[in-house]
file model35.pdb (PDB, C-alpha atoms)
ATOM      1  CA  GLU A  10    -102.901-129.805-187.956
ATOM      2  CA  GLN A  11    -103.707-126.130-187.264
ATOM      3  CA  CYS A  12    -107.460-126.508-187.778
ATOM      4  CA  THR A  13    -108.243-127.961-184.380
ATOM      5  CA  LYS A  14    -111.432-127.198-182.504
ATOM      6  CA  GLU A  15    -109.431-125.372-179.860
ATOM      7  CA  ASN A  16    -107.629-123.188-182.400
ATOM      8  CA  VAL A  17    -110.862-122.284-184.172
ATOM      9  CA  LEU A  18    -112.493-121.283-180.885
ATOM     10  CA  ALA A  19    -109.445-119.208-179.947
ATOM     11  CA  GLN A  20    -109.425-117.443-183.328
ATOM     12  CA  LEU A  21    -113.131-116.614-183.105
ATOM     13  CA  GLU A  22    -112.584-115.054-179.684
ATOM     14  CA  SER A  23    -109.528-113.133-180.896
ATOM     15  CA  ILE A  24    -111.205-111.760-184.022
ATOM     16  CA  GLY A  25    -114.289-110.859-182.031
ATOM     17  CA  GLN A  26    -112.189-108.495-179.924
ATOM     18  CA  ASN A  27    -111.186-106.534-183.025
ATOM     19  CA  VAL A  28    -114.528-105.966-184.750
ATOM     20  CA  GLY A  29    -117.325-103.633-183.752
ATOM     21  CA  ASP A  30    -120.774-102.384-184.657
ATOM     22  CA  GLY A  31    -121.318-102.300-188.422
ATOM     23  CA  ASP A  32    -118.316-104.513-189.201
ATOM     24  CA  TYR A  33    -118.698-107.776-191.094
ATOM     25  CA  PHE A  34    -117.383-111.120-189.961
ATOM     26  CA  VAL A  35    -117.392-113.799-192.672
ATOM     27  CA  PHE A  36    -116.902-117.410-191.580
ATOM     28  CA  TYR A  37    -116.154-119.660-194.572
ATOM     29  CA  TYR A  38    -115.628-123.394-194.196
ATOM     30  CA  SER A  39    -115.032-125.932-196.947
ATOM     31  CA  GLY A  40    -114.351-129.425-195.652
ATOM     32  CA  HIS A  41    -116.031-132.368-194.007
ATOM     33  CA  GLY A  42    -119.225-132.177-191.994
ATOM     34  CA  THR A  43    -121.014-134.855-190.014
ATOM     35  CA  ASN A  44    -123.809-135.611-187.562
ATOM     36  CA  LEU A  45    -123.272-136.301-183.868
ATOM     37  CA  GLN A  46    -125.687-137.544-181.238
ATOM     38  CA  ASP A  47    -127.627-134.600-179.846
ATOM     39  CA  GLN A  48    -126.340-133.755-176.386
ATOM     40  CA  SER A  49    -128.683-130.888-175.472
ATOM     41  CA  GLY A  50    -132.049-132.262-176.568
ATOM     42  CA  ASP A  51    -132.697-129.401-179.007
ATOM     43  CA  GLU A  52    -132.663-131.458-182.211
ATOM     44  CA  ALA A  53    -135.897-133.010-183.492
ATOM     45  CA  ASP A  54    -133.953-135.724-185.321
ATOM     46  CA  GLY A  55    -131.740-136.447-182.317
ATOM     47  CA  GLN A  56    -128.587-135.344-184.135
ATOM     48  CA  ASP A  57    -126.322-132.319-183.923
ATOM     49  CA  GLU A  58    -124.611-131.033-187.041
ATOM     50  CA  ALA A  59    -120.837-130.670-186.755
ATOM     51  CA  PHE A  60    -117.637-129.522-188.429
ATOM     52  CA  CYS A  61    -114.957-132.186-188.786
ATOM     53  CA  PHE A  62    -111.899-130.393-187.459
ATOM     54  CA  VAL A  63    -108.713-132.296-186.667
ATOM     55  CA  THR A  64    -106.593-133.333-183.713
ATOM     56  CA  PRO A  65    -103.107-131.798-183.315
ATOM     57  CA  ASP A  66    -101.693-134.741-185.295
ATOM     58  CA  GLY A  67    -104.137-134.209-188.174
ATOM     59  CA  GLN A  68    -106.668-136.945-187.388
ATOM     60  CA  ILE A  69    -110.462-136.670-187.159
ATOM     61  CA  ASN A  70    -112.319-138.199-184.235
ATOM     62  CA  TYR A  71    -115.407-137.525-182.145
ATOM     63  CA  ASP A  72    -113.647-135.086-179.840
ATOM     64  CA  SER A  73    -112.117-133.079-182.702
ATOM     65  CA  CYS A  74    -115.531-132.283-184.191
ATOM     66  CA  MET A  75    -117.327-129.048-183.294
ATOM     67  CA  SER A  76    -121.096-129.367-182.855
ATOM     68  CA  ASP A  77    -123.559-126.708-183.933
ATOM     69  CA  ASP A  78    -124.281-126.033-180.241
ATOM     70  CA  THR A  79    -120.627-125.227-179.575
ATOM     71  CA  PHE A  80    -120.300-123.202-182.770
ATOM     72  CA  ALA A  81    -123.368-121.076-182.042
ATOM     73  CA  ALA A  82    -122.242-120.450-178.478
ATOM     74  CA  ALA A  83    -118.780-119.411-179.663
ATOM     75  CA  MET A  84    -120.111-117.085-182.354
ATOM     76  CA  THR A  85    -122.601-115.317-180.109
ATOM     77  CA  SER A  86    -120.185-114.967-177.200
ATOM     78  CA  SER A  87    -117.274-113.761-179.347
ATOM     79  CA  PHE A  88    -119.045-111.125-181.451
ATOM     80  CA  GLY A  89    -121.122-108.157-180.357
ATOM     81  CA  GLU A  90    -124.739-107.797-181.430
ATOM     82  CA  GLY A  91    -123.843-104.972-183.846
ATOM     83  CA  VAL A  92    -121.503-107.151-185.952
ATOM     84  CA  LYS A  93    -122.921-108.447-189.246
ATOM     85  CA  ILE A  94    -122.201-112.166-189.413
ATOM     86  CA  LEU A  95    -122.138-114.185-192.635
ATOM     87  CA  ILE A  96    -121.591-117.949-192.338
ATOM     88  CA  LEU A  97    -120.735-119.885-195.521
ATOM     89  CA  THR A  98    -120.292-123.640-195.115
ATOM     90  CA  ASP A  99    -119.570-125.972-198.019
ATOM     91  CA  CYS A 100    -119.790-129.298-196.235
ATOM     92  CA  CYS A 101    -122.095-132.245-195.680
ATOM     93  CA  HIS A 102    -124.925-132.185-193.107
ATOM     94  CA  SER A 103    -124.661-128.405-192.705
ATOM     95  CA  GLY A 104    -128.188-127.049-193.163
ATOM     96  CA  THR A 105    -128.664-125.827-189.586
ATOM     97  CA  ILE A 106    -124.989-125.630-188.583
ATOM     98  CA  ALA A 107    -125.484-122.057-187.294
ATOM     99  CA  ASP A 108    -128.173-123.286-184.885
ATOM    100  CA  PHE A 109    -130.200-120.082-185.243
ATOM    101  CA  LYS A 110    -133.007-121.543-183.151
ATOM    102  CA  THR A 111    -130.987-120.946-179.988
ATOM    103  CA  GLY A 112    -132.042-117.846-178.095
ATOM    104  CA  SER A 113    -128.547-116.365-178.163
ATOM    105  CA  TRP A 114    -128.978-115.356-181.828
ATOM    106  CA  GLY A 115    -131.982-113.120-181.094
ATOM    107  CA  GLY A 116    -131.537-109.498-182.172
ATOM    108  CA  ARG A 117    -128.453-110.255-184.271
ATOM    109  CA  LYS A 118    -127.809-109.645-187.964
ATOM    110  CA  ALA A 119    -126.656-113.042-189.133
ATOM    111  CA  ILE A 120    -127.134-115.171-192.244
ATOM    112  CA  SER A 121    -125.991-118.711-192.986
ATOM    113  CA  ILE A 122    -125.720-120.215-196.476
ATOM    114  CA  THR A 123    -124.900-123.905-196.544
ATOM    115  CA  GLY A 124    -124.106-126.444-199.212
ATOM    116  CA  CYS A 125    -126.961-128.770-198.300
ATOM    117  CA  LEU A 126    -129.632-129.752-195.802
ATOM    118  CA  ASP A 127    -128.825-131.568-192.559
ATOM    119  CA  GLY A 128    -129.615-134.946-194.064
ATOM    120  CA  GLN A 129    -127.744-134.396-197.328
ATOM    121  CA  THR A 130    -124.159-134.486-198.558
ATOM    122  CA  SER A 131    -122.436-131.658-200.421
ATOM    123  CA  GLY A 132    -121.008-132.552-203.800
ATOM    124  CA  ASP A 133    -117.440-131.857-204.879
ATOM    125  CA  ILE A 134    -116.059-131.589-208.413
ATOM    126  CA  GLY A 135    -112.489-132.422-207.446
ATOM    127  CA  ARG A 136    -111.419-128.778-207.342
ATOM    128  CA  GLY A 137    -113.831-127.436-204.790
ATOM    129  CA  GLY A 138    -117.437-127.861-203.745
ATOM    130  CA  ILE A 139    -120.514-127.335-205.891
ATOM    131  CA  PHE A 140    -121.870-124.680-203.527
ATOM    132  CA  THR A 141    -118.635-122.672-203.624
ATOM    133  CA  HIS A 142    -118.352-122.833-207.401
ATOM    134  CA  SER A 143    -122.031-121.942-207.863
ATOM    135  CA  MET A 144    -121.573-118.927-205.591
ATOM    136  CA  LEU A 145    -118.451-117.747-207.433
ATOM    137  CA  LEU A 146    -120.205-118.142-210.783
ATOM    138  CA  ALA A 147    -123.074-116.063-209.388
ATOM    139  CA  ILE A 148    -120.686-113.308-208.257
ATOM    140  CA  GLY A 149    -119.146-113.201-211.732
ATOM    141  CA  GLU A 150    -122.513-113.026-213.457
ATOM    142  CA  LEU A 151    -123.757-110.242-211.195
ATOM    143  CA  GLN A 152    -120.646-108.233-212.035
ATOM    144  CA  ARG A 153    -121.179-108.757-215.759
ATOM    145  CA  ASP A 154    -124.761-107.574-215.263
ATOM    146  CA  GLY A 155    -123.402-104.323-213.844
ATOM    147  CA  GLU A 156    -124.432-105.044-210.250
ATOM    148  CA  GLU A 157    -122.112-103.237-207.832
ATOM    149  CA  VAL A 158    -124.276-103.443-204.705
ATOM    150  CA  TYR A 159    -126.604-106.346-203.937
ATOM    151  CA  SER A 160    -127.996-108.227-200.979
ATOM    152  CA  VAL A 161    -127.025-111.627-199.655
ATOM    153  CA  GLY A 162    -130.508-112.759-200.681
ATOM    154  CA  LYS A 163    -129.935-111.732-204.295
ATOM    155  CA  LEU A 164    -126.625-113.563-204.429
ATOM    156  CA  TYR A 165    -128.245-116.642-202.910
ATOM    157  CA  ASN A 166    -130.944-116.695-205.588
ATOM    158  CA  LYS A 167    -128.320-116.314-208.308
ATOM    159  CA  THR A 168    -126.277-119.115-206.698
ATOM    160  CA  LEU A 169    -129.254-121.465-206.931
ATOM    161  CA  LYS A 170    -129.643-120.507-210.590
ATOM    162  CA  LYS A 171    -126.004-121.291-211.373
ATOM    163  CA  ASP A 172    -126.198-124.614-209.520
ATOM    164  CA  ASN A 173    -129.206-125.602-211.629
ATOM    165  CA  GLU A 174    -127.620-124.430-214.876
ATOM    166  CA  VAL A 175    -124.116-125.808-214.433
ATOM    167  CA  PHE A 176    -124.304-128.721-211.983
ATOM    168  CA  ASN A 177    -127.983-129.660-211.664
ATOM    169  CA  SER A 178    -127.013-131.128-208.299
ATOM    170  CA  GLU A 179    -129.215-133.113-205.951
ATOM    171  CA  GLN A 180    -128.131-131.135-202.892
ATOM    172  CA  SER A 181    -130.257-128.248-201.650
ATOM    173  CA  ILE A 182    -128.157-125.142-201.094
ATOM    174  CA  CYS A 183    -130.018-123.404-198.305
ATOM    175  CA  LEU A 184    -130.157-120.048-196.544
ATOM    176  CA  GLN A 185    -131.194-119.313-192.975
ATOM    177  CA  CYS A 186    -131.296-116.106-190.960
ATOM    178  CA  SER A 187    -131.141-115.254-187.295
ATOM    179  CA  PRO A 188    -134.580-114.678-185.742
ATOM    180  CA  GLY A 189    -136.350-111.635-187.201
ATOM    181  CA  PHE A 190    -133.665-110.937-189.798
ATOM    182  CA  MET A 191    -134.155-111.171-193.579
ATOM    183  CA  PRO A 192    -131.660-111.944-196.390
ATOM    184  CA  ASN A 193    -132.396-108.669-198.187
ATOM    185  CA  GLN A 194    -131.363-106.729-195.097
ATOM    186  CA  MET A 195    -127.654-107.515-195.457
ATOM    187  CA  ALA A 196    -125.524-106.301-198.347
ATOM    188  CA  TRP A 197    -123.154-108.887-199.796
ATOM    189  CA  PRO A 198    -119.727-107.736-198.544
ATOM    190  CA  LEU A 199    -117.439-109.528-201.015
ATOM    191  CA  VAL A 200    -118.113-107.716-204.300
ATOM    192  CA  PRO A 201    -115.003-107.783-206.536
ATOM    193  CA  LYS A 202    -113.430-104.384-207.172
ATOM    194  CA  GLU A 203    -111.669-105.575-210.336
ATOM    195  CA  PRO A 204    -112.984-107.571-213.326
ATOM    196  CA  TYR A 205    -113.669-111.065-212.021
ATOM    197  CA  THR A 206    -113.955-114.474-213.653
ATOM    198  CA  SER A 207    -114.700-117.460-211.432
ATOM    199  CA  PRO A 208    -112.490-120.586-211.551
ATOM    200  CA  MET A 209    -115.230-122.460-213.448
ATOM    201  CA  GLY A 210    -115.510-119.519-215.830
ATOM    202  CA  LEU A 211    -111.772-119.641-216.480
ATOM    203  CA  ARG A 212    -112.021-123.370-217.241
ATOM    204  CA  SER A 213    -114.792-122.749-219.789
ATOM    205  CA  LEU A 214    -112.712-120.005-221.407
ATOM    206  CA  GLY A 215    -109.762-122.375-221.617
TER     207      GLY A 215
END

call {"tool": "encode", "arguments": {"input": "model35.pdb", "output": "structure tokens"}}
result
Amino acid sequence: EQCTKENVLAQLESIGQNVGDGDYFVFYYSGHGTNLQDQSGDEADGQDEAFCFVTPDGQINYDSCMSDDTFAAAMTSSFGEGVKILILTDCCHSGTIADFKTGSWGGRKAISITGCLDGQTSGDIGRGGIFTHSMLLAIGELQRDGEEVYSVGKLYNKTLKKDNEVFNSEQSICLQCSPGFMPNQMAWPLVPKEPYTSPMGLRSLG
């Protein structure tokens, strides 16, 4: 019941007041995603991508969903241009959920990695999404390889490799950047400080 559209917007605004130039903000969402009818005329396929948040009583309806237009506007109004933004979304129909084509993202350091393209669904193994598990497997492998500092782009490439090796999924895990920004220009901020084994790695060991 806490994950309402209104609460998410309020939290983005609140967090944005406490981060500054050079800080990272990581937005991670694992849940349901959907398509809504495009309201602004900026979508070639006539559909907005959206997060399926809930009403105060825990239900999902049209009004509880947050469109990519609303999400992009909230992100760019809440965070200063010097904040490094990393958006990770493990949900269906999420390929362009960050809506980087809007002019408000210009000049920002932002990267979005999503579980699938706009017209696809994101697979789940019953204990989390394929994108999330592929990413965690990639983090573990990079640590075993002795990598202590690496870019978001390098992790993304390793994530694709683990998806192909372990899941061979039909979904296309995709990466997009804000205009003029490149995936090798942002260091991955969530490198484990202690020896790390991903949940899938623990299952294989067991």

call {"tool": "residues_around", "arguments": {"input": "model35.pdb", "residues": "range 20-26 of chain A", "least_positions_apart": "2", "cutoff": "7 Å", "atoms": "only C-alpha atoms", "output": "mmCIF file with C-alpha atoms, keeping the file's coordinate frame"}}
result
data_model
loop_
_atom_site.group_PDB
_atom_site.id
_atom_site.type_symbol
_atom_site.label_atom_id
_atom_site.label_comp_id
_atom_site.auth_asym_id
_atom_site.auth_seq_id
_atom_site.Cartn_x
_atom_site.Cartn_y
_atom_site.Cartn_z
ATOM 1 C CA ASN A 16 -107.629 -123.188 -182.400
ATOM 2 C CA VAL A 17 -110.862 -122.284 -184.172
ATOM 3 C CA LEU A 18 -112.493 -121.283 -180.885
ATOM 4 C CA VAL A 28 -114.528 -105.966 -184.750
ATOM 5 C CA SER A 87 -117.274 -113.761 -179.347
ATOM 6 C CA PHE A 88 -119.045 -111.125 -181.451
#

call {"tool": "residues_around", "arguments": {"input": "model35.pdb", "residues": "Ala119 in chain A", "least_positions_apart": "5", "cutoff": "6 Å", "atoms": "all atoms listed in the file", "output": "list in words"}}
result
Lys93, Ile94, Leu95, Cys186 and Ser187 of chain A

call {"tool": "closest_residue", "arguments": {"input": "model35.pdb", "among": "A:Val161, A:Ile96, A:Val175, A:Cys101", "to": "Ser143 in chain A", "atoms": "all atoms listed in the file"}}
result
A:Val175

call {"tool": "atom_distance", "arguments": {"input": "model35.pdb", "atom1": "CA of Met75 in chain A", "atom2": "CA of Gly116 in chain A"}}
result
24.2 Å

call {"tool": "residues_near_point", "arguments": {"input": "model35.pdb", "point": "(-122.7, -131.7, -190.1)", "cutoff": "7 Å", "atoms": "all atoms listed in the file", "output": "number ranges by chain"}}
result
A: 42-44, 58-60, 101-103, 106, 127

call {"tool": "write_last_selection", "arguments": {"input": "model35.pdb", "atoms": "C-alpha atoms", "output": "tab-separated table (two decimals), in the coordinates of the input"}}
result
chain	number	residue	atom	x	y	z
A	42	GLY	CA	-119.22	-132.18	-191.99
A	43	THR	CA	-121.01	-134.85	-190.01
A	44	ASN	CA	-123.81	-135.61	-187.56
A	58	GLU	CA	-124.61	-131.03	-187.04
A	59	ALA	CA	-120.84	-130.67	-186.76
A	60	PHE	CA	-117.64	-129.52	-188.43
A	101	CYS	CA	-122.10	-132.24	-195.68
A	102	HIS	CA	-124.92	-132.18	-193.11
A	103	SER	CA	-124.66	-128.40	-192.70
A	106	ILE	CA	-124.99	-125.63	-188.58
A	127	ASP	CA	-128.82	-131.57	-192.56

call {"tool": "closest_residue", "arguments": {"input": "model35.pdb", "among": "A:Leu211, A:Ile69, A:Cys12, A:Ile122", "to": "Phe36 in chain A", "atoms": "all atoms listed in the file"}}
result
A:Ile122

call {"tool": "atom_distance", "arguments": {"input": "model35.pdb", "atom1": "CA of Asn177 in chain A", "atom2": "CA of Met144 in chain A"}}
result
13.9 Å

call {"tool": "residues_around", "arguments": {"input": "model35.pdb", "residues": "Cys74 in chain A", "least_positions_apart": "3", "cutoff": "6 Å", "atoms": "all atoms listed in the file", "output": "list of chain:residue names"}}
result
A:Phe60, A:Cys61, A:Phe62, A:Tyr71

call {"tool": "resolve_selection", "arguments": {"input": "model35.pdb", "expression": "the PyMOL selection byres ((chain A and resi 129-134) around 7)", "output": "ChimeraX atom specification"}}
result
/A:99-102,124-128,135-139,180

call {"tool": "resolve_selection", "arguments": {"input": "model35.pdb", "expression": "the PyMOL selection byres ((chain A and resi 110) around 12)", "output": "PyMOL selection string"}}
result
chain A and resi 51-53+77-78+81-82+105-109+111-115+185-189

call {"tool": "resolve_selection", "arguments": {"input": "model35.pdb", "expression": "the PyMOL selection byres ((chain A and resi 38) around 6)", "output": "list in words"}}
result
Tyr37, Ser39 and Thr98 of chain A

call {"tool": "closest_residue", "arguments": {"input": "model35.pdb", "among": "A:Met191, A:Leu146, A:Leu164, A:Leu184", "to": "Thr206 in chain A", "atoms": "only C-alpha atoms"}}
result
A:Leu146

call {"tool": "closest_residue", "arguments": {"input": "model35.pdb", "among": "A:Val35, A:Met209, A:Ile120, A:Leu145", "to": "Met195 in chain A", "atoms": "all atoms listed in the file"}}
result
A:Ile120

call {"tool": "axis_aligned_box", "arguments": {"input": "model35.pdb", "around": "range 86-89 of chain A", "padding_each_side": "3 Å", "output": "AutoDock Vina command-line options"}}
result
--center_x -119.2 --center_y -111.6 --center_z -179.3 --size_x 9.8 --size_y 12.8 --size_z 10.3

call {"tool": "closest_residue", "arguments": {"input": "model35.pdb", "among": "A:Val158, A:His41, A:Gly89, A:Gln152", "to": "Asn27 in chain A", "atoms": "all atoms listed in the file"}}
result
A:Gly89

call {"tool": "closest_residue", "arguments": {"input": "model35.pdb", "among": "A:Glu179, A:Phe140, A:Gln56, A:Asp66", "to": "Gly40 in chain A", "atoms": "only C-alpha atoms"}}
result
A:Phe140

call {"tool": "decode", "arguments": {"input": "model35.pdb", "residues": "range 14-41 of chain A", "atoms": "C-alpha atoms", "output": "compact mmCIF listing (two decimals), in the first residue's frame"}}
result
# COMPACT_ATOMS: atom_id res chain seq x y z
CA LYS A 14 2.34 7.09 -7.32
CA GLU A 15 2.01 9.99 -4.91
CA ASN A 16 4.42 8.47 -2.39
CA VAL A 17 7.00 7.72 -5.06
CA LEU A 18 6.84 11.29 -6.37
CA ALA A 19 7.17 12.65 -2.83
CA GLN A 20 10.18 10.43 -2.10
CA LEU A 21 11.93 11.47 -5.31
CA GLU A 22 11.48 15.12 -4.38
CA SER A 23 12.67 14.51 -0.82
CA ILE A 24 15.78 12.56 -1.83
CA GLY A 25 16.58 15.12 -4.49
CA GLN A 26 16.91 17.77 -1.78
CA ASN A 27 19.65 15.76 -0.08
CA VAL A 28 21.97 14.91 -2.97
CA GLY A 29 24.33 17.19 -4.84
CA ASP A 30 26.86 17.39 -7.63
CA GLY A 31 28.84 14.15 -7.99
CA ASP A 32 26.42 12.10 -5.90
CA TYR A 33 24.70 9.02 -7.30
CA PHE A 34 20.99 8.37 -7.23
CA VAL A 35 20.02 4.78 -8.06
CA PHE A 36 16.36 4.08 -8.85
CA TYR A 37 15.64 0.34 -8.81
CA TYR A 38 12.20 -1.05 -9.60
CA SER A 39 11.17 -4.70 -9.80
CA GLY A 40 7.46 -5.18 -10.39
CA HIS A 41 4.79 -4.81 -13.02
